[in-house]
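J.: What follows is data.cif, made up of mmCIF, C-alpha atoms:
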```cif
data_input
loop_
_atom_site.label_atom_id
_atom_site.label_comp_id
_atom_site.auth_asym_id
_atom_site.auth_seq_id
_atom_site.Cartn_x
_atom_site.Cartn_y
_atom_site.Cartn_z
CA MET A 1 0.00 0.00 0.00
CA PRO A 2 1.20 3.55 -0.65
CA ILE A 3 2.00 5.06 2.71
CA LEU A 4 2.84 8.56 3.90
CA ASN A 5 3.93 9.61 7.35
CA VAL A 6 1.73 12.44 8.57
CA SER A 7 0.70 14.17 11.73
CA ILE A 8 -2.50 16.00 12.52
CA ILE A 9 -3.22 19.08 14.56
CA TYR A 10 -6.43 19.51 16.49
CA LYS A 11 -6.96 22.73 18.40
CA HIS A 12 -3.24 23.53 18.60
CA THR A 13 -2.23 20.03 19.73
CA GLU A 14 -0.14 18.04 17.27
CA SER A 15 0.08 14.26 17.15
CA LYS A 16 3.26 12.29 16.61
CA ARG A 17 3.80 11.22 13.03
CA PHE A 18 1.97 8.10 11.98
CA GLU A 19 1.42 6.05 8.85
CA ALA A 20 -1.44 6.97 6.56
CA VAL A 21 -2.60 5.04 3.53
CA VAL A 22 -2.87 7.15 0.37
CA ASP A 23 -6.17 6.09 -1.18
CA SER A 24 -7.73 7.94 -4.09
CA GLY A 25 -10.79 5.70 -3.73
CA ALA A 26 -11.67 7.26 -0.39
CA PRO A 27 -13.91 10.31 -0.67
CA THR A 28 -12.52 11.94 2.47
CA CYS A 29 -9.60 11.70 4.87
CA LEU A 30 -10.29 9.27 7.68
CA PHE A 31 -8.48 8.74 10.94
CA HIS A 32 -8.70 6.17 13.70
CA GLY A 33 -10.56 7.53 16.70
CA SER A 34 -7.62 6.80 19.00
CA ILE A 35 -5.59 9.50 17.25
CA GLY A 36 -8.31 12.09 17.77
CA LYS A 37 -8.82 11.02 21.37
CA VAL A 38 -5.19 11.60 22.36
CA LEU A 39 -5.50 15.13 20.96
CA GLY A 40 -8.46 15.81 23.25
CA MET A 41 -11.10 15.33 20.60
CA LYS A 42 -14.55 14.16 21.67
CA ILE A 43 -15.10 12.04 18.61
CA GLU A 44 -18.84 11.64 18.80
CA THR A 45 -19.55 15.35 19.05
CA GLY A 46 -18.61 15.73 15.41
CA GLU A 47 -20.96 15.71 12.45
CA GLU A 48 -22.09 12.10 12.09
CA GLY A 49 -21.99 10.25 8.83
CA PRO A 50 -22.09 6.66 7.52
CA LEU A 51 -18.92 4.74 6.74
CA GLY A 52 -18.87 1.68 4.54
CA GLY A 53 -16.67 -0.05 2.05
CA VAL A 54 -16.71 -2.52 -0.79
CA VAL A 55 -18.26 -5.27 1.34
CA ALA A 56 -22.02 -4.86 1.12
CA ASN A 57 -24.10 -4.31 4.24
CA VAL A 58 -21.14 -3.51 6.47
CA LYS A 59 -21.55 0.01 7.78
CA THR A 60 -20.45 1.96 10.79
CA LYS A 61 -20.41 5.60 11.82
CA VAL A 62 -17.81 8.28 11.25
CA TYR A 63 -17.64 11.68 12.91
CA TYR A 64 -16.25 14.69 11.14
CA HIS A 65 -14.05 17.33 12.73
CA PRO A 66 -11.90 20.14 11.36
CA ILE A 67 -8.17 19.48 11.62
CA LYS A 68 -4.90 20.44 10.06
CA LEU A 69 -2.92 17.74 8.29
CA LYS A 70 0.86 18.02 8.22
CA VAL A 71 2.54 16.30 5.28
CA ASN A 72 6.25 16.71 4.52
CA GLY A 73 6.29 19.87 6.61
CA GLN A 74 3.34 21.37 4.75
CA MET A 75 0.08 22.18 6.49
CA ILE A 76 -3.35 21.52 5.00
CA SER A 77 -6.59 22.61 6.61
CA ILE A 78 -9.25 19.94 6.36
CA ALA A 79 -12.72 21.15 7.22
CA ARG A 80 -14.20 17.65 7.48
CA ALA A 81 -11.87 14.86 8.54
CA GLY A 82 -13.62 11.67 9.57
CA PHE A 83 -12.83 9.85 12.78
CA SER A 84 -13.94 6.33 13.60
CA ASN A 85 -12.88 3.76 16.19
CA ASP A 86 -13.83 1.08 13.66
CA LEU A 87 -11.26 2.08 11.05
CA GLY A 88 -9.02 -0.86 10.19
CA VAL A 89 -5.97 1.36 9.66
CA LEU A 90 -4.65 4.44 11.44
CA ALA A 91 -5.44 6.82 8.63
CA ILE A 92 -6.60 7.05 5.04
CA LEU A 93 -5.85 10.08 2.90
CA GLY A 94 -8.68 10.53 0.44
CA ARG A 95 -9.95 12.94 -2.16
CA GLU A 96 -11.36 15.69 0.06
CA GLY A 97 -8.48 17.10 2.02
CA PHE A 98 -5.56 15.34 0.35
CA PHE A 99 -6.04 14.69 -3.36
CA ASP A 100 -7.58 18.13 -3.77
CA ASN A 101 -4.23 19.55 -2.62
CA TYR A 102 -1.74 17.21 -4.26
CA VAL A 103 -1.13 15.70 -7.66
CA VAL A 104 0.00 12.18 -6.84
CA THR A 105 1.83 9.71 -9.07
CA PHE A 106 2.03 6.17 -7.78
CA ASP A 107 5.31 4.45 -8.58
CA PRO A 108 5.08 0.69 -7.98
CA CYS A 109 8.45 -0.06 -9.55
CA ASN A 110 10.58 0.81 -6.55
CA ASN A 111 11.10 -1.41 -3.52
CA PRO A 112 9.24 -0.42 -1.45
CA PRO A 113 6.71 1.09 -3.87
CA GLY A 114 6.55 4.85 -3.55
CA LEU A 115 4.71 7.86 -4.73
CA ILE A 116 5.55 11.29 -6.08
CA MET A 117 3.58 14.25 -4.79
CA GLU A 118 3.29 17.77 -6.08
CA ARG A 119 1.40 20.36 -4.10
CA PHE A 120 -0.84 22.63 -6.05
CA HIS A 121 -2.62 25.74 -4.93
CA ARG A 122 -6.02 26.78 -6.14
CA THR A 123 -6.47 30.39 -7.18
CA MET B 1 15.10 3.11 6.66
CA MET B 2 15.22 -0.56 7.55
CA PRO B 3 14.80 -3.21 4.85
CA THR B 4 11.20 -3.86 3.90
CA GLU B 5 11.40 -7.52 4.87
CA GLU B 6 12.58 -6.62 8.36
CA ARG B 7 9.84 -4.04 8.80
CA VAL B 8 7.16 -6.48 7.61
CA LYS B 9 8.43 -9.12 10.04
CA ILE B 10 8.21 -6.67 12.95
CA LEU B 11 4.66 -5.77 12.03
CA ARG B 12 3.55 -9.36 11.41
CA ASP B 13 5.11 -10.63 14.64
CA ALA B 14 3.37 -8.02 16.78
CA PRO B 15 -0.01 -8.82 18.32
CA PRO B 16 -3.09 -7.34 16.64
CA GLN B 17 -3.78 -3.65 17.29
CA THR B 18 -0.38 -3.06 18.82
CA TRP B 19 1.17 0.38 18.59
CA ILE B 20 4.70 0.34 17.22
CA ALA B 21 7.18 3.20 17.26
CA PHE B 22 10.03 3.41 14.78
CA SER B 23 12.88 5.89 15.06
CA GLU B 24 12.70 9.27 13.32
CA ASP B 25 14.40 7.86 10.23
CA GLU B 26 12.50 4.53 10.50
CA SER B 27 15.78 2.63 10.66
CA ARG B 28 14.99 0.81 13.89
CA LEU B 29 12.22 -0.36 16.16
CA VAL B 30 12.08 1.77 19.28
CA ALA B 31 9.06 0.67 21.28
CA THR B 32 5.78 -1.19 21.27
CA GLY B 33 2.71 -0.60 23.37
CA ALA B 34 -0.97 -1.22 23.80
CA THR B 35 -1.90 2.44 23.40
CA TYR B 36 -0.67 5.58 21.67
CA ASP B 37 0.29 7.15 24.98
CA GLU B 38 2.20 4.09 26.12
CA VAL B 39 4.25 3.72 22.95
CA VAL B 40 5.00 7.46 22.80
CA GLN B 41 6.17 7.42 26.43
CA LYS B 42 8.36 4.39 25.82
CA ALA B 43 9.81 6.01 22.72
CA GLU B 44 10.61 9.18 24.66
CA ASP B 45 12.15 7.10 27.46
CA ALA B 46 14.37 5.58 24.76
CA GLY B 47 15.40 9.06 23.64
CA VAL B 48 13.22 9.27 20.52
CA THR B 49 10.99 12.35 20.60
CA ASP B 50 9.76 12.23 16.98
CA PRO B 51 8.90 8.59 16.33
CA VAL B 52 6.87 7.26 13.43
CA LEU B 53 3.90 5.32 14.72
CA VAL B 54 2.12 2.33 13.24
CA MET B 55 -0.76 0.31 14.62
CA THR B 56 -1.03 -3.30 13.51
CA PRO B 57 -4.44 -4.26 12.17
CA ALA B 58 -6.96 -6.50 13.90
CA SER B 59 -6.26 -9.08 11.21
CA TRP B 60 -4.01 -9.39 8.19
CA ILE B 61 -6.69 -10.30 5.67
CA PRO B 62 -6.41 -8.41 2.39
CA VAL B 63 -8.62 -5.35 2.35
CA VAL B 64 -9.87 -2.98 -0.28
CA LEU B 65 -10.02 0.54 1.11
CA VAL B 66 -12.69 2.82 -0.25
#
```
Reformat the file's structure so that it appears as structure tokens.
T.:
Amino acid sequence: MPILNVSIIYKHTESKRFEAVVDSGAPTCLFHGSIGKVLGMKIETGEEGPLGGVVANVKTKVYYHPIKLKVNGQMISIARAGFSNDLGVLAILGREGFFDNYVVTFDPCNNPPGLIMERFHRT
Amino acid sequence: MMPTEERVKILRDAPPQTWIAFSEDESRLVATGATYDEVVQKAEDAGVTDPVLVMTPASWIPVVLV
């Protein structure tokens, strides 16, 4: 899986860096609830939404909070980052919040496989 | 950064949903713990203040993330 090390900032508190899966199939950025909790976030006070995947009839809840995402020293404000204690990974970087800020080229030829990112800024 | 095979072995050998801390440059394993706070404290006790954290999954079945 393509992985990036990121940290998040919630209300001026920054997490340690952790692995996040880069996933263009994900509509939003998602984070495990344990990361939000250590930053003082009350997960279930966020805007509630459904969370599912490719397996039919398996759904859980996700709660959205505004955060800042730190990637390679760059800061991105994400108005709606989803948090769920049921996430199978620590973090998923999806289209809203990540792919709308970076052009990403996946390079599977290296060992380990990598990716090339270019930040772009909307005018 | 440590060889991929070594990193995979560390992750696979750890119990499910274990927090793992690698050094700043990911060249070595620094600490493991049951929680974020525990692994961060252990990493700091080992002199690593900017670890890279991983949490092993509940199971290693292939997944498709959407």
J.: Determine which residues of chain B sit within 8 Å of chain A, taking into account all atoms listed in the file, and present them as JSON, numbers by chain.
T.: {"B": [4, 36, 37, 50, 51, 52, 53, 54, 55, 56, 57, 58, 64, 65, 66]}
J.: In Å, rounded to a single decimal, give me how far CA of Gly97 (chain A) is from CA of Ile76 (chain A).
T.: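 Interatomic distance, CA of Ile76 (chain A) to CA of Gly97 (chain A): 7.4 Å.
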J.: For a test of reading the model, state the distance in Å between CA of Pro50 (chain A) and CA of Gly33 (chain A), rounded to one decimal.
T.: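 Atom-to-atom, CA of Pro50 (chain A) and CA of Gly33 (chain A) are spaced 14.8 Å apart.
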J.: Expressed in Å to a single decimal, how great is the separation between CA of Trp60 (chain B) and CA of Lys61 (chain A)?
T.: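 Those two atoms sit 22.5 Å apart.
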J.: Within 7 Å of Ala43 (chain B), counting all atoms listed in the file, which residues qualify if same-chain residues fewer than 4 places away don't, as a ChimeraX atom specification?
T.: /B:21,30-31,39,47-49,51
J.: Which neighbours of Lys11 (chain A) fall inside 8 Å, counting all atoms listed in the file, when residues of the same chain fewer than 2 positions from it are skipped, and could you give them as a PyMOL selection string?
T.: chain A and resi 9+13+67
J.: On this structure, which residues satisfy the PyMOL selection byres ((chain B and resi 1) around 10), written as an NGL selection string?
T.: :B and (2-4 or 7 or 22-28)
J.: On this structure, which residues satisfy the PyMOL selection byres ((chain A and resi 101) around 7), written as a count of residues only?
T.: 8
J.: Name all residues at most 7 Å from Phe83 (chain A) (count only C-alpha atoms; drop same-chain ones fewer than 3 positions away) and give them as a list in words.
T.: Leu30, Phe31, His32, Gly33, Ile43, Val62, Tyr63 and Tyr64 of chain A
J.: Enclose all atoms of region 36-46 of chain A listed in the file in an axis-aligned box, grow every side by 3 Å, and hand back centre and edge lengths in Å to one decimal, as JSON.
T.:
```
{"center_x": -12.4, "center_y": 13.4, "center_z": 19.3, "size_x": 20.4, "size_y": 10.8, "size_z": 13.8}
```
J.: Which of these, A:Leu39, A:Cys29, A:Ile8, A:Val71, has the shortest distance to Glu118 (chain A) once you count only C-alpha atoms?
T.: A:Val71
J.: Please write as a PyMOL selection string the list of polymer residues whose atoms come within 6 Å of (-18.6, 14.1, 13.9), counting all atoms listed in the file and keeping to the coordinates of the file.
T.: chain A and resi 44-48+63-65
J.: If the PyMOL selection byres ((chain B and resi 19) around 6) is run on the structure shown, which residues does it catch, given as a PyMOL selection string?
T.: chain B and resi 18+20+32-34+54-55
